[in-house]
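Engineer: Just one file: work.txt, with compact mmCIF, C-alpha atoms.
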# COMPACT_ATOMS: atom_id res chain seq x y z
CA MET C 12 80.80 103.34 105.73
CA PRO C 13 82.03 102.42 109.24
CA THR C 14 85.62 101.32 109.73
CA VAL C 15 86.57 98.03 111.36
CA LEU C 16 90.09 97.19 112.48
CA ALA C 17 91.00 93.48 112.47
CA VAL C 18 94.07 92.55 114.51
CA ASP C 19 95.29 89.10 113.52
CA ASP C 20 98.77 87.95 112.58
CA SER C 21 97.57 84.97 110.49
CA ARG C 22 97.64 86.13 106.88
CA GLU C 23 95.36 83.28 105.86
CA ILE C 24 92.53 84.78 107.92
CA HIS C 25 92.64 88.12 106.11
CA PRO C 26 90.99 86.99 102.81
CA PHE C 27 88.12 85.45 104.82
CA LEU C 28 87.59 88.67 106.75
CA LYS C 29 87.76 90.84 103.63
CA THR C 30 85.06 88.76 101.96
CA ALA C 31 82.89 88.46 105.05
CA LEU C 32 82.89 92.19 105.77
CA SER C 33 83.43 93.91 102.43
CA GLN C 34 79.82 95.06 102.17
CA THR C 35 79.50 95.99 105.83
CA CYS C 36 82.50 98.17 106.51
CA SER C 37 85.84 99.49 105.42
CA LEU C 38 88.35 96.96 106.81
CA LEU C 39 91.81 97.83 108.15
CA LEU C 40 94.19 94.97 108.93
CA ALA C 41 96.93 94.84 111.55
CA GLY C 42 99.30 91.92 112.10
CA SER C 43 100.45 93.02 115.54
CA LEU C 44 99.42 95.17 118.50
CA LYS C 45 102.00 97.79 117.50
CA GLU C 46 100.43 98.07 114.05
CA ALA C 47 96.99 98.26 115.66
CA GLU C 48 98.10 101.16 117.87
CA GLU C 49 99.44 103.03 114.86
CA ILE C 50 96.22 102.51 112.91
CA LEU C 51 94.12 103.66 115.88
CA ALA C 52 96.18 106.82 116.19
CA LYS C 53 95.62 107.71 112.54
CA ASN C 54 92.05 106.53 111.88
CA GLU C 55 88.59 106.74 113.30
CA VAL C 56 87.76 103.11 114.06
CA HIS C 57 84.22 102.00 114.90
CA LEU C 58 84.85 98.37 115.91
CA ILE C 59 87.85 96.14 116.60
CA LEU C 60 88.09 92.42 115.81
CA LEU C 61 90.87 91.21 118.09
CA ASP C 62 92.82 87.97 118.16
CA VAL C 63 94.10 86.83 121.56
CA SER C 64 97.54 85.39 120.72
CA LEU C 65 99.58 87.98 118.89
CA PRO C 66 103.33 88.07 118.29
CA ASP C 67 103.92 91.13 120.46
CA GLY C 68 101.46 90.50 123.26
CA SER C 69 98.07 89.36 124.44
CA GLY C 70 94.80 90.58 122.95
CA PHE C 71 93.33 90.38 126.47
CA ASP C 72 95.89 92.90 127.75
CA PHE C 73 95.34 95.10 124.72
CA CYS C 74 91.58 95.10 125.36
CA THR C 75 92.24 96.31 128.92
CA THR C 76 94.44 99.10 127.56
CA LEU C 77 91.75 100.14 125.09
CA GLN C 78 89.19 100.28 127.90
CA SER C 79 91.45 102.53 129.96
CA GLN C 80 91.99 105.19 127.29
CA ASP C 81 89.45 107.92 126.63
CA SER C 82 90.07 107.84 122.90
CA THR C 83 89.37 104.10 122.55
CA GLN C 84 87.19 103.04 125.46
CA LYS C 85 83.95 103.39 123.52
CA ILE C 86 85.09 101.29 120.56
CA PRO C 87 83.40 97.88 120.74
CA VAL C 88 85.77 94.92 120.73
CA ILE C 89 84.91 91.48 119.40
CA PHE C 90 87.43 88.77 120.14
CA LEU C 91 88.03 86.55 117.11
CA THR C 92 90.24 83.73 118.21
CA GLY C 93 91.14 80.07 118.15
CA LYS C 94 91.01 80.01 121.95
CA VAL C 95 87.83 78.07 122.50
CA GLY C 96 87.98 77.36 126.25
CA VAL C 97 85.11 78.59 128.41
CA GLY C 98 87.62 80.26 130.72
CA ASP C 99 89.00 82.33 127.83
CA LYS C 100 85.52 83.32 126.68
CA VAL C 101 84.53 84.39 130.20
CA LEU C 102 87.76 86.37 130.59
CA GLY C 103 87.31 88.11 127.24
CA LEU C 104 83.77 89.18 128.06
CA ALA C 105 84.75 90.16 131.62
CA LEU C 106 87.39 92.49 130.17
CA GLY C 107 84.61 94.40 128.44
CA ALA C 108 84.50 92.81 124.98
CA GLU C 109 81.12 93.03 123.29
CA ASP C 110 81.37 89.52 121.87
CA TYR C 111 83.62 86.48 121.58
CA VAL C 112 83.72 84.57 118.29
CA THR C 113 85.80 81.42 117.86
CA LYS C 114 87.56 80.15 114.75
CA PRO C 115 86.54 78.74 112.40
CA PHE C 116 83.80 81.33 112.04
CA ASP C 117 80.81 81.24 109.79
CA VAL C 118 80.86 84.14 107.35
CA LEU C 119 77.19 85.02 107.80
CA GLU C 120 77.36 84.76 111.57
CA LEU C 121 80.44 86.98 111.83
CA ARG C 122 78.89 89.56 109.51
CA ALA C 123 75.68 89.57 111.55
CA ARG C 124 77.55 90.00 114.82
CA VAL C 125 79.69 92.83 113.46
CA GLU C 126 76.68 94.60 111.96
CA SER C 127 74.75 94.29 115.19
CA LYS C 128 77.54 95.83 117.28
CA LEU C 129 78.21 98.55 114.71
CA LYS C 130 74.56 99.52 114.66
CA LYS C 131 74.55 99.89 118.44
CA PHE C 132 77.85 101.77 118.49
CA LEU C 133 76.89 104.18 115.73
CA TYR C 134 73.52 104.83 117.39
CA TYR C 135 75.24 105.89 120.61
CA ALA C 136 77.90 107.81 118.70
CA LYS C 137 75.14 109.87 117.13
CA GLU C 138 73.92 110.67 120.61
CA GLU C 139 77.27 112.28 121.43
CA THR C 140 76.67 116.00 121.35
CA TYR C 141 79.69 117.23 123.20
CA PHE C 142 83.16 116.06 124.12
CA GLN C 143 85.19 117.18 127.13
CA ARG C 144 88.95 117.17 127.42
CA GLY C 145 90.66 118.96 130.31
CA SER C 146 89.15 122.44 130.57
CA LEU C 147 87.90 122.33 127.00
CA LYS C 148 84.39 121.40 125.99
CA PHE C 149 83.79 120.66 122.31
CA GLU C 150 80.19 121.17 121.17
CA LEU C 151 80.13 118.88 118.16
CA SER C 152 76.86 119.98 116.59
CA THR C 153 77.87 123.64 116.39
CA TYR C 154 81.65 123.32 115.94
CA SER C 155 82.08 125.39 119.08
CA ILE C 156 84.71 125.10 121.80
CA TYR C 157 84.25 126.40 125.32
CA LEU C 158 86.98 127.05 127.86
CA ASN C 159 85.82 126.15 131.33
CA GLU C 160 87.39 128.49 133.88
CA ASN C 161 86.49 129.82 137.31
CA ASN C 162 84.07 132.34 135.92
CA GLY C 163 82.17 129.84 133.77
CA ASN C 164 82.31 128.79 130.15
CA GLN C 165 83.99 131.11 127.69
CA LYS C 166 83.36 130.45 124.00
CA LEU C 167 86.57 130.39 121.96
CA ASN C 168 86.44 131.93 118.52
CA MET C 169 87.81 129.04 116.44
CA THR C 170 87.49 128.65 112.69
CA PRO C 171 86.07 125.33 111.41
CA ILE C 172 89.56 124.17 110.41
CA GLU C 173 90.95 125.06 113.84
CA PHE C 174 88.03 123.24 115.46
CA LYS C 175 88.74 120.09 113.43
CA LEU C 176 92.48 120.23 114.11
CA LEU C 177 92.05 120.65 117.85
CA LEU C 178 89.35 117.97 118.00
CA LYS C 179 91.56 115.53 116.10
CA LEU C 180 94.40 116.09 118.55
CA ALA C 181 92.12 115.98 121.59
CA ARG C 182 90.57 112.69 120.47
CA SER C 183 93.97 111.00 120.80
CA PRO C 184 95.51 112.43 123.97
CA GLY C 185 99.13 111.48 124.43
CA TYR C 186 99.59 110.35 120.83
CA VAL C 187 101.97 112.25 118.59
CA LEU C 188 100.19 113.04 115.34
CA SER C 189 102.28 114.03 112.36
CA ARG C 190 101.45 117.05 110.22
CA GLU C 191 100.61 114.64 107.42
CA GLN C 192 98.10 112.78 109.61
CA LEU C 193 96.50 116.06 110.64
CA ILE C 194 96.26 117.21 107.02
CA ASP C 195 94.70 113.90 105.93
CA SER C 196 92.21 114.04 108.75
CA VAL C 197 91.20 117.70 108.47
CA TRP C 198 91.53 118.51 104.78
CA GLY C 199 91.44 114.99 103.29
CA ASP C 200 94.18 113.42 101.19
CA SER C 201 93.01 114.81 97.86
CA VAL C 202 94.06 118.38 98.68
CA TYR C 203 97.66 119.59 98.79
CA ILE C 204 98.35 121.46 101.99
CA GLU C 205 101.83 122.50 103.11
CA ASP C 206 103.11 121.41 106.53
CA ARG C 207 103.71 125.07 107.40
CA SER C 208 100.01 125.70 107.02
CA VAL C 209 99.35 123.27 109.88
CA ASP C 210 101.93 125.10 111.99
CA ARG C 211 100.21 128.43 111.32
CA HIS C 212 96.83 127.01 112.37
CA ILE C 213 98.32 125.44 115.50
CA SER C 214 99.92 128.75 116.40
CA SER C 215 96.58 130.50 116.02
CA ILE C 216 94.82 127.82 118.11
CA ARG C 217 97.38 128.21 120.90
CA LYS C 218 96.79 131.96 121.04
CA LYS C 219 93.05 131.40 121.31
CA LEU C 220 93.47 128.74 124.00
CA GLY C 221 95.13 131.30 126.27
CA THR C 222 95.84 129.67 129.64
CA CYS C 223 95.38 126.24 128.04
CA SER C 224 97.87 126.85 125.21
CA SER C 225 100.21 124.25 126.75
CA TYR C 226 97.65 121.55 125.94
CA ILE C 227 99.30 121.32 122.52
CA ARG C 228 102.90 120.22 122.64
CA THR C 229 105.20 120.42 119.63
CA VAL C 230 107.25 117.27 119.25
CA PRO C 231 110.29 118.32 117.18
CA GLY C 232 110.68 116.35 113.98
CA LEU C 233 107.43 114.44 114.52
CA GLY C 234 104.35 116.61 114.95
CA TYR C 235 101.97 117.59 117.72
CA GLN C 236 100.62 116.00 120.87
CA PHE C 237 97.60 116.83 123.04
CA LEU C 238 98.43 116.69 126.73
CA ALA C 239 95.43 118.09 128.64
CA GLU C 240 94.91 115.01 130.77
CA GLN C 241 98.42 114.88 132.14
CA GLN C 242 98.24 118.50 133.21
CA HIS C 243 94.80 118.66 134.83
CA MET H 14 97.09 61.14 107.93
CA GLU H 15 94.45 60.06 110.40
CA GLY H 16 90.96 59.46 109.06
CA GLN H 17 89.84 60.35 105.58
CA PHE H 18 90.68 63.98 104.92
CA ASP H 19 89.93 65.27 101.45
CA ALA H 20 92.12 68.36 100.91
CA ILE H 21 90.48 69.26 97.60
CA GLN H 22 87.07 69.07 99.24
CA SER H 23 88.24 71.51 101.96
CA VAL H 24 89.20 74.05 99.27
CA LYS H 25 85.93 73.49 97.43
CA SER H 26 84.16 74.31 100.66
CA ILE H 27 86.06 77.63 100.87
CA GLU H 28 85.15 78.28 97.23
CA THR H 29 81.48 77.73 98.03
CA ASN H 30 81.47 80.07 101.02
CA TYR H 31 83.91 82.76 99.89
CA GLY H 32 84.44 82.37 96.16
CA PRO H 33 87.30 80.94 94.04
CA GLN H 34 89.57 83.95 94.41
CA VAL H 35 89.66 83.68 98.21
CA ALA H 36 90.16 79.91 98.00
CA ARG H 37 93.13 80.42 95.70
CA GLU H 38 94.61 83.18 97.88
CA VAL H 39 94.30 81.08 101.03
CA VAL H 40 95.89 78.03 99.37
CA GLN H 41 98.81 80.18 98.20
CA ILE H 42 99.33 81.57 101.72
CA PHE H 43 99.20 78.02 103.12
CA LEU H 44 101.85 76.84 100.68
CA SER H 45 104.14 79.81 101.29
CA ASP H 46 103.77 80.35 105.08
CA TYR H 47 103.30 76.92 106.63
CA PRO H 48 106.72 75.38 106.00
CA GLY H 49 108.14 78.31 108.00
CA LYS H 50 105.58 77.92 110.77
CA ILE H 51 106.29 74.20 111.10
CA ALA H 52 110.04 74.88 111.12
CA LYS H 53 109.46 77.45 113.88
CA LEU H 54 107.56 74.87 115.92
CA LYS H 55 110.35 72.30 115.45
CA THR H 56 112.97 74.85 116.54
CA ALA H 57 110.95 75.74 119.65
CA ILE H 58 110.71 72.01 120.51
CA GLU H 59 114.43 71.58 119.92
CA GLN H 60 115.18 74.51 122.25
CA GLY H 61 112.65 73.43 124.88
CA ASN H 62 110.93 76.80 124.51
CA ALA H 63 107.55 76.05 126.09
CA GLU H 64 106.02 79.47 125.30
CA GLY H 65 107.27 79.29 121.69
CA ILE H 66 105.80 75.78 121.31
CA ARG H 67 102.42 76.86 122.68
CA PHE H 68 102.27 80.08 120.66
CA THR H 69 103.27 78.46 117.35
CA ALA H 70 100.98 75.47 117.86
CA HIS H 71 98.12 77.88 118.56
CA ASP H 72 98.98 79.94 115.49
CA ILE H 73 98.94 76.88 113.20
CA LYS H 74 95.80 75.53 114.88
CA SER H 75 94.02 78.82 114.43
CA GLY H 76 94.86 79.11 110.72
CA THR H 77 94.18 75.48 109.82
CA LEU H 78 90.87 75.55 111.70
CA SER H 79 89.78 78.49 109.55
CA MET H 80 90.87 76.66 106.41
CA GLY H 81 89.06 73.50 107.49
CA ILE H 82 92.25 71.40 107.69
CA LYS H 83 91.14 69.20 110.56
CA PRO H 84 94.09 66.77 110.79
CA MET H 85 96.62 69.61 111.30
CA SER H 86 94.42 71.62 113.66
CA THR H 87 93.85 68.52 115.80
CA VAL H 88 97.58 67.82 116.14
CA CYS H 89 98.22 71.46 117.04
CA GLU H 90 95.39 71.52 119.55
CA THR H 91 96.98 68.53 121.28
CA ILE H 92 100.37 70.27 121.37
CA GLU H 93 98.87 73.55 122.59
CA ARG H 94 96.80 71.89 125.31
CA ASP H 95 99.11 69.12 126.50
CA GLY H 96 102.53 70.11 125.15
CA SER H 97 103.87 71.26 128.51
CA LYS H 98 103.30 67.74 129.90
CA MET H 99 104.99 65.99 126.97
CA ASP H 100 108.63 65.04 126.62
CA ARG H 101 110.69 66.27 123.67
CA GLU H 102 110.43 62.95 121.85
CA LYS H 103 106.65 62.98 121.88
CA LEU H 104 106.57 66.62 120.73
CA GLN H 105 108.99 65.85 117.91
CA GLN H 106 106.79 62.95 116.88
CA LEU H 107 103.74 65.21 116.70
CA ALA H 108 105.67 67.90 114.81
CA GLN H 109 106.76 65.25 112.31
CA GLN H 110 103.16 64.11 111.92
CA LEU H 111 102.22 67.72 111.30
CA GLU H 112 104.90 68.06 108.64
CA ASN H 113 103.79 64.83 106.95
CA ASP H 114 100.20 66.10 106.91
CA TYR H 115 101.39 69.39 105.46
CA ASN H 116 103.37 67.61 102.72
CA GLU H 117 100.39 65.50 101.74
CA ILE H 118 97.93 68.41 101.75
CA SER H 119 100.33 70.69 99.89
CA ARG H 120 100.55 68.12 97.07
CA SER H 121 96.76 68.21 96.72
CA TYR H 122 96.73 72.01 96.93
CA GLY H 123 99.42 72.18 94.27
CA GLU H 124 97.22 70.07 91.99
CA TYR H 125 94.30 72.35 92.78
CA LEU H 126 96.27 75.42 91.74
CA ASN H 127 97.38 73.69 88.52
CA ILE H 128 93.79 72.79 87.65
CA GLN H 129 92.79 76.40 88.23
CA HIS H 130 95.37 77.67 85.73
Any chance you could put this one into structure tokens?

Structural biologist:
Amino acid sequence: MPTVLAVDDSREIHPFLKTALSQTCSLLLAGSLKEAEEILAKNEVHLILLDVSLPDGSGFDFCTTLQSQDSTQKIPVIFLTGKVGVGDKVLGLALGAEDYVTKPFDVLELRARVESKLKKFLYYAKEETYFQRGSLKFELSTYSIYLNENNGNQKLNMTPIEFKLLLKLARSPGYVLSREQLIDSVWGDSVYIEDRSVDRHISSIRKKLGTCSSYIRTVPGLGYQFLAEQQH
Amino acid sequence: MEGQFDAIQSVKSIETNYGPQVAREVVQIFLSDYPGKIAKLKTAIEQGNAEGIRFTAHDIKSGTLSMGIKPMSTVCETIERDGSKMDREKLQQLAQQLENDYNEISRSYGEYLNIQH
């Protein structure tokens, strides 16, 4: 089931959204932009429902930020707001939002709009066969990683777990991911894995990355961070 | 309250569209959160905090619109749109009207919750 993140600080909206979308998606709720950022760093989100007036900033600005980051720029955004002016609607759509829905919303209409955008997004997501970050090319269908250097592409001999770990980090460049987040993402939360096990895998990945080993930065006391874009 | 607003009818409408559990949950949030939101609006007016007035009025408008509470959303829309051109006295008058509307609606909502028990 796809995951939708709704960013709205009005608690009274949440029960409406849960009911409207319970059969369409798994719904994550954030009451602020800070919470939204944290959720995006930890979860794979397929669509964002975004309010405009939030306690810690503007949804318009946040949409611009999402569009500028590799890890979030493909996620469709639907503004869901009480701002009903034509100027606001035009601005929201000009910023790259897929849709602009005003409150009060009709449950069936909102569901239809969300389903329509999800269908489109998931169709294009399926089309994604590879993913490039810095000098690394991830071939998603074969779980292969290639290092692009002067003499062409060199296939790196990664295990499936190492592939998933590196992909998870590379999907959120700049974000510090904790060992717990990496474990949940790679192994799932029903398996007990020790933090040290993550460290061992990261160490092995670094060795295999060779000249690109500095792509993974250890953040003491927190976790790991992927930094390819800042360095290339 | 201006016009004929039937608070119980507005909850029944939520029940029809979303089910009784959601209607109950939304009414409970209204009763617990809105006194604080109105107090926040009054404080912003008292302090002459234009951004605080606009933000809080929008917040209340947005929530009450979704709950179908037209009298309150209309007052807040007026404050959000024209508040910067109003003097403190006029804003205080509108905030008081908002509080009166809240008090009246909350009585009906309280009855609704009692009937549900």

Engineer: Determine, using only C-alpha atoms, which residues of region 16-64 of chain H have any atom at most 10 Å from an atom of region 96-106 of chain H, and tabulate each with its shortest atom pair and distance in Å to one decimal place, rows ordered by chain and then rising number, as a Markdown table.

Structural biologist:
| residue | atom | partner | partner_atom | distance |
| --- | --- | --- | --- | --- |
| H:Leu54 | CA | H:Gln105 | CA | 9.3 |
| H:Lys55 | CA | H:Gln105 | CA | 7.0 |
| H:Thr56 | CA | H:Gln105 | CA | 9.9 |
| H:Ile58 | CA | H:Arg101 | CA | 6.6 |
| H:Glu59 | CA | H:Arg101 | CA | 7.5 |
| H:Gln60 | CA | H:Arg101 | CA | 9.5 |
| H:Gly61 | CA | H:Arg101 | CA | 7.5 |
| H:Asn62 | CA | H:Ser97 | CA | 9.8 |
| H:Ala63 | CA | H:Ser97 | CA | 6.5 |
| H:Glu64 | CA | H:Ser97 | CA | 9.1 |

Engineer: Give as an MDAnalysis selection string every residue of chain C that touches chain H within 10 Å, counting all atoms listed in the file.

Structural biologist: chainID C and resid 20:31 62 64:66 92:94 113:119

Engineer: Quick check, in Å to one decimal: how far apart do CA of Glu117 (chain H) and CA of Val88 (chain H) lie?

Structural biologist: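 If I compute the distance from CA of Glu117 (chain H) to CA of Val88 (chain H), I get 14.9 Å.
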
Engineer: Any idea what the distance is between CA of Arg228 (chain C) and CA of Val56 (chain C)?

Structural biologist: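 The value is 24.4 Å.
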
Engineer: Please indicate the distance in Å from CA of Glu191 (chain C) to CA of Leu51 (chain C), rounded to one decimal place.

Structural biologist: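 Answer for the CA of Glu191 (chain C) to CA of Leu51 (chain C) separation: 15.3 Å.
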
Engineer: Which one of H:Ala52, H:Leu44, H:Ile128, H:Ala70 sits closest to Asn116 (chain H) if you count all atoms listed in the file?

Structural biologist: H:Leu44

Engineer: Using all atoms listed in the file, which of C:Val209, C:Leu151, C:Ile89, C:Ala181 sits nearest Leu129 (chain C)?

Structural biologist: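 Between C:Val209, C:Leu151, C:Ile89, C:Ala181, the residue approaching Leu129 (chain C) most closely is C:Ile89.
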
Engineer: Name the closest residue to Tyr235 (chain C) among the candidates C:Leu188, C:Leu32, C:Cys74, C:Leu102; distances are taken between atoms, counting only C-alpha atoms.

Structural biologist: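 The answer is C:Leu188, which sits nearest to Tyr235 (chain C).
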